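Undergrad: So I've got this file, structure_3.txt, and it contains compact mmCIF, C-alpha atoms and all ligand atoms:
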# COMPACT_ATOMS: atom_id res chain seq x y z
CA MET A 948 -29.53 4.72 -86.96
CA THR A 949 -26.09 3.63 -85.71
CA LYS A 950 -23.99 5.92 -83.56
CA PRO A 951 -22.04 8.41 -85.71
CA TYR A 952 -18.27 8.32 -85.87
CA ASN A 953 -17.29 11.19 -83.62
CA PHE A 954 -14.44 13.41 -84.88
CA TYR A 955 -15.02 16.26 -82.41
CA SER A 956 -11.84 17.70 -80.92
CA GLY A 957 -12.96 17.58 -77.29
CA PRO A 958 -15.08 16.59 -75.52
CA ALA A 959 -14.47 13.65 -77.78
CA VAL A 960 -15.07 10.00 -78.46
CA LEU A 961 -14.77 7.61 -75.49
CA PRO A 962 -14.59 3.80 -75.57
CA ASP A 963 -18.04 2.16 -75.68
CA GLU A 964 -17.24 -0.04 -72.69
CA VAL A 965 -16.50 3.09 -70.62
CA LEU A 966 -19.87 4.57 -71.52
CA GLU A 967 -21.66 1.34 -70.64
CA LYS A 968 -19.93 1.05 -67.26
CA ALA A 969 -20.63 4.72 -66.57
CA ALA A 970 -24.32 4.24 -67.36
CA GLN A 971 -24.43 1.34 -64.95
CA ALA A 972 -22.65 3.35 -62.21
CA ILE A 973 -25.21 6.13 -62.53
CA LYS A 974 -27.69 3.59 -61.21
CA ASP A 975 -25.51 1.63 -58.83
CA PHE A 976 -21.90 2.54 -58.14
CA ALA A 977 -19.64 -0.30 -56.97
CA GLY A 978 -22.50 -2.27 -55.44
CA THR A 979 -23.39 0.56 -53.04
CA ARG A 980 -26.89 0.92 -54.57
CA LEU A 981 -26.11 4.64 -54.70
CA SER A 982 -25.45 6.52 -57.90
CA ILE A 983 -21.90 7.71 -58.65
CA LEU A 984 -23.60 11.12 -58.93
CA GLU A 985 -24.78 11.09 -55.33
CA ILE A 986 -22.08 9.27 -53.40
CA SER A 987 -19.75 11.21 -51.09
CA HIS A 988 -16.27 11.92 -52.37
CA ARG A 989 -15.08 10.79 -48.93
CA SER A 990 -16.74 7.38 -49.25
CA LYS A 991 -14.25 4.52 -49.21
CA GLU A 992 -15.49 3.45 -52.69
CA PHE A 993 -14.71 6.81 -54.29
CA VAL A 994 -11.45 7.34 -52.41
CA GLU A 995 -10.31 4.06 -53.95
CA VAL A 996 -11.25 5.31 -57.43
CA MET A 997 -9.21 8.49 -56.93
CA GLN A 998 -6.20 6.58 -55.61
CA GLU A 999 -6.34 3.97 -58.35
CA ALA A 1000 -6.74 6.60 -61.06
CA ARG A 1001 -3.59 8.35 -59.82
CA LEU A 1002 -1.76 5.03 -59.66
CA LEU A 1003 -2.86 4.08 -63.18
CA VAL A 1004 -1.41 7.34 -64.51
CA LYS A 1005 1.90 6.51 -62.83
CA GLN A 1006 1.90 2.96 -64.18
CA ILE A 1007 0.87 3.76 -67.75
CA LEU A 1008 3.37 6.62 -68.09
CA ARG A 1009 6.06 4.82 -66.04
CA LEU A 1010 6.55 7.78 -63.74
CA ASP A 1011 9.34 7.79 -61.18
CA HIS A 1012 8.93 8.52 -57.46
CA HIS A 1013 9.60 12.24 -57.90
CA LYS A 1014 6.32 12.68 -59.76
CA GLU A 1015 2.98 13.55 -58.17
CA VAL A 1016 -0.34 13.11 -59.94
CA LEU A 1017 -3.22 15.52 -59.41
CA PHE A 1018 -6.79 15.57 -60.70
CA LEU A 1019 -7.89 19.20 -60.63
CA GLN A 1020 -10.64 21.42 -61.99
CA GLY A 1021 -10.61 24.68 -63.95
CA GLY A 1022 -9.57 23.09 -67.25
CA ALA A 1023 -6.18 23.18 -68.89
CA SER A 1024 -6.80 26.93 -69.09
CA GLN A 1025 -6.40 27.22 -65.31
CA GLN A 1026 -2.94 25.71 -65.66
CA PHE A 1027 -1.99 28.61 -67.94
CA PHE A 1028 -1.80 30.77 -64.79
CA MET A 1029 -1.23 28.14 -62.09
CA VAL A 1030 2.05 27.09 -63.69
CA PRO A 1031 3.63 30.57 -63.48
CA MET A 1032 2.03 31.23 -60.09
CA ASN A 1033 3.82 28.19 -58.69
CA LEU A 1034 7.02 28.10 -60.73
CA LEU A 1035 7.89 31.67 -61.70
CA ARG A 1036 9.39 33.82 -58.97
CA LYS A 1037 9.95 37.58 -58.96
CA GLY A 1038 13.06 38.44 -60.94
CA GLU A 1039 12.94 35.20 -62.90
CA VAL A 1040 11.90 34.65 -66.52
CA ALA A 1041 9.89 31.83 -68.09
CA ALA A 1042 10.34 30.90 -71.76
CA TYR A 1043 7.51 29.87 -74.09
CA PHE A 1044 7.17 28.42 -77.57
CA ASP A 1045 4.28 29.98 -79.44
CA THR A 1046 2.77 27.30 -81.66
CA GLY A 1047 -0.77 28.65 -81.89
CA GLN A 1048 -3.99 29.30 -80.06
CA TRP A 1049 -3.31 27.39 -76.84
CA SER A 1050 0.32 28.43 -76.43
CA SER A 1051 -0.66 32.03 -77.16
CA ARG A 1052 -3.24 31.87 -74.40
CA ALA A 1053 -0.73 30.28 -72.02
CA ILE A 1054 1.70 33.12 -72.82
CA ALA A 1055 -0.93 35.83 -72.31
CA GLU A 1056 -1.94 34.42 -68.92
CA ALA A 1057 1.66 33.91 -67.76
CA LYS A 1058 2.46 37.53 -68.62
CA LYS A 1059 -0.13 38.57 -66.05
CA ILE A 1060 1.86 36.71 -63.40
CA GLY A 1061 5.49 37.39 -64.26
CA SER A 1062 8.19 37.87 -66.82
CA VAL A 1063 7.92 35.86 -70.02
CA GLU A 1064 10.03 35.49 -73.16
CA VAL A 1065 8.89 33.86 -76.37
CA LEU A 1066 11.72 31.66 -77.64
CA ALA A 1067 10.17 31.04 -81.05
CA SER A 1068 6.85 31.46 -82.82
CA SER A 1069 5.22 30.22 -86.01
CA ALA A 1070 2.57 32.98 -85.94
CA SER A 1071 3.79 34.58 -89.16
CA SER A 1072 2.99 31.41 -91.12
CA GLN A 1073 -0.47 30.78 -89.61
CA TYR A 1074 1.06 28.27 -87.19
CA ASN A 1075 1.47 25.67 -89.94
CA HIS A 1076 4.64 24.23 -88.37
CA ILE A 1077 6.56 23.95 -85.13
CA PRO A 1078 9.30 26.60 -85.21
CA LYS A 1079 12.84 25.18 -85.32
CA VAL A 1080 15.11 28.22 -85.56
CA TRP A 1081 16.07 27.68 -81.92
CA MET A 1082 17.85 24.46 -82.86
CA ASP A 1083 20.64 26.45 -84.51
CA ASN A 1084 20.77 28.95 -81.66
CA PRO A 1085 22.18 27.26 -78.57
CA GLN A 1086 22.88 30.73 -77.13
CA LEU A 1087 19.12 31.13 -76.66
CA PHE A 1088 19.39 28.61 -73.87
CA GLN A 1089 22.34 30.18 -72.11
CA LYS A 1090 20.06 32.26 -69.97
CA THR A 1091 18.56 30.38 -67.04
CA TYR A 1092 14.79 30.26 -67.28
CA SER A 1093 12.54 29.03 -64.49
CA TYR A 1094 11.00 26.73 -67.07
CA ILE A 1095 10.34 26.34 -70.79
CA HIS A 1096 6.73 25.83 -71.82
CA ILE A 1097 5.55 23.95 -74.89
CA THR A 1098 2.19 22.76 -76.23
CA SER A 1099 3.05 19.23 -77.34
CA ASN A 1100 0.10 19.04 -79.73
CA ASN A 1101 -1.74 22.04 -81.08
CA THR A 1102 -5.37 20.95 -81.26
CA VAL A 1103 -6.46 23.92 -83.38
CA PHE A 1104 -3.76 23.93 -86.06
CA GLY A 1105 -2.92 20.22 -86.05
CA THR A 1106 0.79 20.44 -85.29
CA GLN A 1107 2.68 18.17 -82.91
CA TRP A 1108 6.16 18.08 -81.41
CA SER A 1109 7.72 14.90 -82.79
CA LYS A 1110 9.90 12.74 -80.57
CA PRO A 1111 13.17 13.80 -82.28
CA LEU A 1112 12.23 17.45 -81.84
CA LEU A 1113 11.47 16.90 -78.17
CA GLU A 1114 14.81 15.09 -77.80
CA ASN A 1115 16.55 18.16 -79.20
CA LEU A 1116 14.79 20.39 -76.74
CA PHE A 1117 15.74 18.17 -73.82
CA GLU A 1118 19.36 18.22 -74.98
CA MET A 1119 19.50 22.00 -75.29
CA ALA A 1120 17.42 23.16 -72.34
CA ASN A 1121 18.94 23.57 -68.91
CA CYS A 1122 15.72 24.05 -66.97
CA PRO A 1123 12.47 22.10 -66.41
CA ILE A 1124 10.22 21.60 -69.45
CA VAL A 1125 6.52 22.21 -68.86
CA ALA A 1126 4.15 20.70 -71.42
CA ASP A 1127 0.50 21.24 -72.17
CA MET A 1128 -0.35 17.73 -73.41
CA SER A 1129 -4.10 18.24 -73.44
CA SER A 1130 -4.58 16.68 -76.83
CA ASP A 1131 -1.90 13.99 -77.03
CA LEU A 1132 -1.27 12.57 -73.58
CA PHE A 1133 -1.80 8.78 -73.54
CA SER A 1134 -1.50 8.58 -77.32
CA ARG A 1135 2.24 7.88 -77.51
CA GLU A 1136 5.18 6.71 -75.48
CA LEU A 1137 7.64 9.36 -74.33
CA ASP A 1138 10.10 9.58 -71.47
CA PHE A 1139 7.60 11.44 -69.31
CA ASN A 1140 10.07 11.63 -66.44
CA ARG A 1141 12.08 14.20 -68.36
CA PHE A 1142 9.32 16.78 -68.00
CA GLY A 1143 9.14 19.05 -64.96
CA LEU A 1144 5.39 19.38 -65.26
CA ILE A 1145 2.72 18.03 -67.62
CA TYR A 1146 -0.89 19.12 -67.70
CA ALA A 1147 -3.84 17.98 -69.76
CA GLY A 1148 -7.58 18.53 -69.85
CA ALA A 1149 -9.07 15.02 -69.82
CA GLN A 1150 -11.71 15.59 -72.48
CA LYS A 1151 -9.72 14.39 -75.49
CA ASN A 1152 -7.86 11.19 -74.87
CA PHE A 1153 -8.76 9.94 -71.42
CA GLY A 1154 -11.99 11.26 -70.02
CA PRO A 1155 -14.80 13.83 -70.07
CA ALA A 1156 -14.71 17.58 -69.53
CA GLY A 1157 -14.43 18.76 -65.94
CA VAL A 1158 -11.11 17.36 -64.82
CA THR A 1159 -7.50 18.26 -65.57
CA LEU A 1160 -4.56 16.01 -64.96
CA VAL A 1161 -1.36 17.56 -63.62
CA ILE A 1162 1.86 15.61 -63.24
CA VAL A 1163 4.50 17.50 -61.36
CA ASP A 1164 8.04 16.73 -60.34
CA LYS A 1165 8.16 17.66 -56.65
CA ARG A 1166 11.73 18.85 -57.01
CA ILE A 1167 10.71 21.88 -59.08
CA LEU A 1168 8.20 23.22 -56.56
CA LYS A 1169 9.26 26.36 -54.78
CA GLU A 1170 9.18 27.09 -51.07
CA SER A 1171 8.28 30.71 -51.64
CA GLU A 1172 4.76 30.06 -52.88
CA LYS A 1173 3.22 29.64 -49.45
CA GLN A 1174 1.02 32.68 -49.89
CA LEU A 1175 -0.85 31.29 -52.86
CA PRO A 1176 -4.55 30.51 -52.41
CA THR A 1177 -4.71 26.86 -51.41
CA LEU A 1178 -6.64 25.72 -54.47
CA LEU A 1179 -3.93 27.17 -56.71
CA ASN A 1180 -1.01 25.74 -54.77
CA TYR A 1181 0.39 22.48 -56.15
CA GLN A 1182 2.14 21.64 -52.89
CA LYS A 1183 -1.08 21.90 -50.88
CA LEU A 1184 -3.05 19.96 -53.47
CA ILE A 1185 -0.44 17.20 -53.40
CA GLU A 1186 -0.66 17.04 -49.61
CA ALA A 1187 -4.44 16.76 -49.86
CA GLU A 1188 -4.15 13.99 -52.50
CA SER A 1189 -6.37 15.97 -54.92
CA MET A 1190 -9.15 16.05 -52.30
CA TYR A 1191 -8.65 19.46 -50.66
CA ASN A 1192 -12.19 20.28 -51.78
CA THR A 1193 -14.82 18.20 -53.55
CA PRO A 1194 -13.23 16.80 -56.69
CA ALA A 1195 -15.14 16.29 -59.96
CA VAL A 1196 -16.32 12.87 -58.79
CA PHE A 1197 -18.06 11.70 -61.94
CA ALA A 1198 -15.36 13.02 -64.26
CA VAL A 1199 -12.59 11.37 -62.23
CA PHE A 1200 -14.60 8.14 -62.26
CA ILE A 1201 -14.77 8.21 -66.09
CA CYS A 1202 -11.02 8.88 -66.25
CA TRP A 1203 -10.47 5.88 -63.99
CA LEU A 1204 -12.51 3.67 -66.35
CA THR A 1205 -10.75 5.05 -69.42
CA LEU A 1206 -7.31 4.65 -67.86
CA GLN A 1207 -8.08 0.98 -67.21
CA TRP A 1208 -8.99 0.64 -70.88
CA ILE A 1209 -5.75 2.41 -71.89
CA LYS A 1210 -3.68 0.17 -69.62
CA ARG A 1211 -5.29 -2.95 -71.04
CA ARG A 1212 -4.76 -1.81 -74.64
CA GLY A 1213 -1.17 -0.77 -73.86
CA LEU A 1214 0.34 2.62 -74.69
CA GLU A 1215 2.67 1.06 -77.25
CA ASN A 1216 -0.26 -0.54 -79.13
CA LEU A 1217 -2.30 2.65 -78.96
CA GLU A 1218 0.62 4.54 -80.42
CA GLN A 1219 1.00 2.04 -83.28
CA GLU A 1220 -2.70 2.28 -84.01
CA SER A 1221 -2.55 6.05 -83.92
CA ILE A 1222 0.38 6.06 -86.37
CA ARG A 1223 -1.61 3.81 -88.72
CA LYS A 1224 -4.79 5.90 -88.53
CA ALA A 1225 -2.92 9.16 -89.15
CA GLN A 1226 -0.89 7.66 -92.01
CA LEU A 1227 -3.99 6.36 -93.79
CA LEU A 1228 -5.75 9.69 -93.52
CA TYR A 1229 -2.81 11.89 -94.51
CA GLU A 1230 -2.12 9.58 -97.48
CA ALA A 1231 -5.70 9.98 -98.69
CA ILE A 1232 -5.44 13.76 -98.34
CA ASP A 1233 -2.09 13.87 -100.14
CA ASP A 1234 -3.46 11.69 -102.95
CA SER A 1235 -6.43 13.97 -103.42
CA THR A 1236 -6.67 16.72 -105.98
CA LEU A 1237 -9.49 18.44 -104.07
CA PHE A 1238 -8.28 18.29 -100.47
CA LYS A 1239 -5.01 19.58 -99.11
CA GLY A 1240 -3.27 19.24 -95.72
CA THR A 1241 -2.59 22.54 -93.95
CA VAL A 1242 0.52 21.63 -91.93
CA SER A 1243 4.20 20.98 -92.83
CA LYS A 1244 4.61 17.24 -93.20
CA GLU A 1245 7.22 16.76 -90.49
CA ASP A 1246 5.05 18.47 -87.86
CA ARG A 1247 1.72 16.86 -88.67
CA SER A 1248 -0.32 15.87 -85.66
CA ARG A 1249 -1.41 12.26 -85.26
CA MET A 1250 -4.33 13.47 -83.19
CA ASN A 1251 -5.87 16.38 -85.12
CA VAL A 1252 -5.64 16.07 -88.88
CA CYS A 1253 -6.30 19.49 -90.43
CA PHE A 1254 -7.11 19.89 -94.10
CA LYS A 1255 -9.21 21.95 -96.48
CA THR A 1256 -10.44 21.98 -100.05
CA LYS A 1257 -8.71 24.23 -102.48
CA ASN A 1258 -12.08 25.85 -103.05
CA PRO A 1259 -13.59 27.15 -99.77
CA ASP A 1260 -17.13 26.99 -101.23
CA MET A 1261 -16.79 23.23 -101.24
CA ASP A 1262 -16.19 23.06 -97.49
CA LYS A 1263 -19.81 23.34 -96.50
CA LEU A 1264 -20.86 20.73 -99.03
CA PHE A 1265 -18.26 18.26 -97.79
CA LEU A 1266 -19.32 18.72 -94.17
CA GLU A 1267 -22.91 18.01 -95.18
CA TYR A 1268 -21.79 14.97 -97.14
CA CYS A 1269 -19.96 13.66 -94.06
CA GLU A 1270 -22.94 14.24 -91.78
CA ASN A 1271 -25.17 12.38 -94.23
CA ASN A 1272 -22.69 9.54 -93.98
CA ASN A 1273 -22.79 9.48 -90.19
CA LEU A 1274 -19.47 11.30 -89.61
CA VAL A 1275 -19.72 14.25 -87.21
CA GLY A 1276 -17.42 16.91 -85.73
CA LEU A 1277 -15.27 17.52 -88.79
CA ALA A 1278 -15.50 21.33 -89.03
CA GLY A 1279 -12.19 23.09 -88.41
CA TYR A 1280 -11.79 25.37 -85.38
CA ARG A 1281 -14.12 28.36 -85.61
CA THR A 1282 -11.33 30.87 -86.35
CA VAL A 1283 -9.51 28.59 -88.79
CA GLY A 1284 -12.17 26.93 -90.97
CA GLY A 1285 -11.58 23.94 -93.23
CA PHE A 1286 -11.71 20.50 -91.64
CA ARG A 1287 -10.22 18.87 -88.60
CA ALA A 1288 -10.51 15.16 -87.98
CA SER A 1289 -9.68 14.41 -84.36
CA ILE A 1290 -8.62 10.79 -84.20
CA TYR A 1291 -7.96 10.15 -80.53
CA ASN A 1292 -7.42 6.74 -78.92
CA ALA A 1293 -11.06 5.68 -78.93
CA MET A 1294 -11.60 6.44 -82.65
CA PRO A 1295 -11.61 3.03 -84.36
CA VAL A 1296 -9.66 2.49 -87.60
CA GLU A 1297 -13.04 1.85 -89.24
CA GLY A 1298 -14.05 5.47 -88.54
CA VAL A 1299 -10.95 6.72 -90.33
CA GLN A 1300 -11.57 4.34 -93.23
CA LYS A 1301 -15.12 5.62 -93.53
CA LEU A 1302 -13.84 9.20 -93.66
CA ILE A 1303 -11.33 8.25 -96.35
CA GLN A 1304 -14.12 6.63 -98.34
CA CYS A 1305 -16.13 9.88 -98.07
CA ILE A 1306 -13.13 11.94 -99.19
CA LYS A 1307 -12.74 9.74 -102.27
CA GLU A 1308 -16.44 9.55 -103.10
CA PHE A 1309 -16.94 13.29 -102.66
CA GLU A 1310 -14.01 14.00 -104.91
CA SER A 1311 -15.23 11.77 -107.72
CA LYS A 1312 -18.87 12.93 -107.36
CA ASN A 1313 -17.75 16.50 -107.74
CA GLY A 1314 -16.04 15.59 -110.99
CA ILE A 1315 -12.57 16.61 -109.92
CA ASN A 1316 -10.69 13.51 -111.09
N1 LIG A 1401 -4.62 23.32 -74.36
C1 LIG A 1401 -4.93 22.60 -75.45
C2 LIG A 1401 -3.83 21.99 -76.26
C3 LIG A 1401 -6.28 22.42 -75.79
O1 LIG A 1401 -6.59 21.70 -76.88
C4 LIG A 1401 -7.28 23.00 -75.00
C5 LIG A 1401 -8.76 22.83 -75.29
N2 LIG A 1401 -9.15 22.38 -76.44
C6 LIG A 1401 -6.90 23.76 -73.89
C7 LIG A 1401 -5.57 23.89 -73.59
C8 LIG A 1401 -7.93 24.41 -73.01
O2 LIG A 1401 -8.53 23.42 -72.27
P1 LIG A 1401 -9.77 23.69 -71.32
O3 LIG A 1401 -10.93 23.96 -72.20
O4 LIG A 1401 -9.86 22.39 -70.57
O5 LIG A 1401 -9.42 24.82 -70.43
Go ahead and render the structure in this file as structure tokens.

TA:
Amino acid sequence: MTKPYNFYSGPAVLPDEVLEKAAQAIKDFAGTRLSILEISHRSKEFVEVMQEARLLVKQILRLDHHKEVLFLQGGASQQFFMVPMNLLRKGEVAAYFDTGQWSSRAIAEAKKIGSVEVLASSASSQYNHIPKVWMDNPQLFQKTYSYIHITSNNTVFGTQWSKPLLENLFEMANCPIVADMSSDLFSRELDFNRFGLIYAGAQKNFGPAGVTLVIVDKRILKESEKQLPTLLNYQKLIEAESMYNTPAVFAVFICWLTLQWIKRRGLENLEQESIRKAQLLYEAIDDSTLFKGTVSKEDRSRMNVCFKTKNPDMDKLFLEYCENNNLVGLAGYRTVGGFRASIYNAMPVEGVQKLIQCIKEFESKNGIN
């Protein structure tokens, strides 16, 4: 049986060549005759991996010299509280956009640390769009916030901040923008230097679970945070070059391999491919009389395509049909239901075409057309 097409939302599909190299390194890492699982993180071979991985991030995203790159643990969820711990002082306020599950969690955690305002929310419409009321309300931005937090792609609801929308935010905001890019970093070109801080769990577009990438502009770090525990202090982690304690050696190694693959493919090409894959899939859903997209067209994610049948009883049958056709991971998030096709960088166009074929076949077999 051939390997299934993997539509899971994260951990998610990785390039085959990365998996092959990883398998090899489990036996013999970099000619050391030691496994990557047993070598010291202070060995010269691994220190090189860590340094090169950080450099690759800078090169691929064209980061300027103000940016520092960290590989940390604790998941993107740890950043929900590390960001305010480091950037939100007493007496200051941080502003958040609430675009669903992950932003809501980021807000809840930040509230435990300091003062938070929600600039806009799409909660009342089941997070089916990115709220835009703020665009007609420049006075919202008159107050000085320590930062504004967004979730660039909502993995659960399948919404994404488009480039024009981000441009608008950059124009209107007068403070650093912090972005949770867990599910769309390395899938499109953006001016990454305009962000104050970016964080992303690796397990969607560029690695396995266990490591979180943080890109921080040194200029936004605050002197007053000296009392923070060292492992939660960006400044200290920067000084230690992400090696204050034992890093997630194997996970960083896989990121390093994947980043090489991303660099070779080119971010621009990956973005074009991602546009094509998403277009094909959304077109098939829009053409269908059985399936229906769940998100406003202008905010549709290119990474997580969410849809459902008009008849919820059909959902289970369709999932079974997909599994029988070697397509896995298509169930929607547990609190949302329906379907979610995660089509990250390593998902080949053929996987998307196969899904489209299943959508069409299922529809005609069920006598809808
Ligand atoms: N933010 C987003 C956008 C996510 O998709 C996820 C996980 N799916 C998280 C944060 C939480 O990440 P982690 O599980 O690495 O803490």

Undergrad: Could you give me, as a PyMOL selection string, every polymer residue with an atom at most 9 Å away from an atom of ligand LIG 1401 (chain A), counting all atoms listed in the file?

TA: chain A and resi 956-958+1020-1027+1048-1050+1052-1053+1098-1103+1127-1131+1146-1151+1156-1159

Undergrad: Could you give me, as a list of chain:residue names, the residues within 8 Å of Phe1153 in chain A, counting all atoms listed in the file and dropping anything in the same chain fewer than 3 positions from it?

TA: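 Selected residues are A:Leu961, A:Phe1133, A:Ala1149, A:Gln1150, A:Cys1202, A:Thr1205, A:Leu1206.
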
Undergrad: Might you pull out every residue within 7 Å of Leu1266 in chain A, with only C-alpha atoms counted and same-chain residues fewer than 3 positions away left off, and present them as a PyMOL selection string?

TA: chain A and resi 1262-1263+1269-1270+1277-1278

Undergrad: Give me the residues within 12 Å of Pro951 in chain A as a ChimeraX atom specification, counting only C-alpha atoms and dropping any in the same chain fewer than 4 places off.

TA: /A:955,960,1269-1277,1294-1295,1297-1298,1301-1302

Undergrad: So the first atom is CA of Ser1071 in chain A and the second is CA of Ser1289 in chain A; what is the distance between them in Å, to one decimal place?

TA: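 Between CA of Ser1071 in chain A and CA of Ser1289 in chain A the gap works out to 24.7 Å.
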
Undergrad: Which residue, A:Leu1113, A:Val994, A:Leu1144, A:Ile1201, has the smallest gap to Pro1031 in chain A when you use all atoms listed in the file?

TA: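 Closest to Pro1031 in chain A, using all atoms listed in the file: A:Leu1144.
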
Undergrad: Please identify all polymer residues within 9 Å of range 1249-1255 of chain A, counting all atoms listed in the file, omitting same-chain residues fewer than 6 positions from it, and present them as a ChimeraX atom specification.

TA: /A:956,1100-1107,1130-1131,1134,1221-1222,1224-1226,1228-1229,1232,1237-1242,1262,1279,1284-1292

Undergrad: Kindly indicate which residue among A:Leu1160, A:Ile1077, A:Met1082, A:Leu1116 lies nearest to Arg1247 in chain A, using all atoms listed in the file for the distances.

TA: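 Nearest to Arg1247 in chain A: A:Ile1077.
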
Undergrad: Could you check which of A:Arg989, A:Asn1033, A:Glu1308, A:Asn1258 is closest to Leu1184 in chain A, using only C-alpha atoms?

TA: A:Asn1033

Undergrad: List the neighbours of range 1067-1070 of chain A out to 8 Å using only C-alpha atoms; skip same-chain residues closer than 6 positions along the sequence, and give me the result as number ranges by chain.

TA: A: 1043-1047, 1076-1081

Undergrad: Quick one: pull the distance between CA of Asp1164 in chain A and CA of Asp1138 in chain A, Å, one decimal.

TA: 13.4 Å

Undergrad: Between CA of Leu1137 in chain A and CA of Asn1216 in chain A, what is the spacing in Å?

TA: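 Value for the CA of Asn1216 in chain A-CA of Leu1137 in chain A distance: 13.5 Å.
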
Undergrad: Which is closer to Gln998 in chain A than all the others in A:Ile1167, A:Ala1187, A:Leu1179, A:Val1299, using only C-alpha atoms?

TA: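 Of all the options, A:Ala1187 lies closest to Gln998 in chain A.
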
Undergrad: Between A:Pro1155, A:Glu1245, A:Leu1003, A:Ala1042, which is the closest to Val1196 in chain A once you count only C-alpha atoms?

TA: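 Of A:Pro1155, A:Glu1245, A:Leu1003, A:Ala1042, the one nearest Val1196 in chain A is A:Pro1155, counting only C-alpha atoms.
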
Undergrad: So, with all atoms listed in the file as the atoms that count, which of A:Gly1143, A:Gly1154, A:Pro1194, A:Pro1085 lies closest to Gln1207 in chain A?

TA: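 Using all atoms listed in the file, the shortest distance to Gln1207 in chain A belongs to A:Gly1154.
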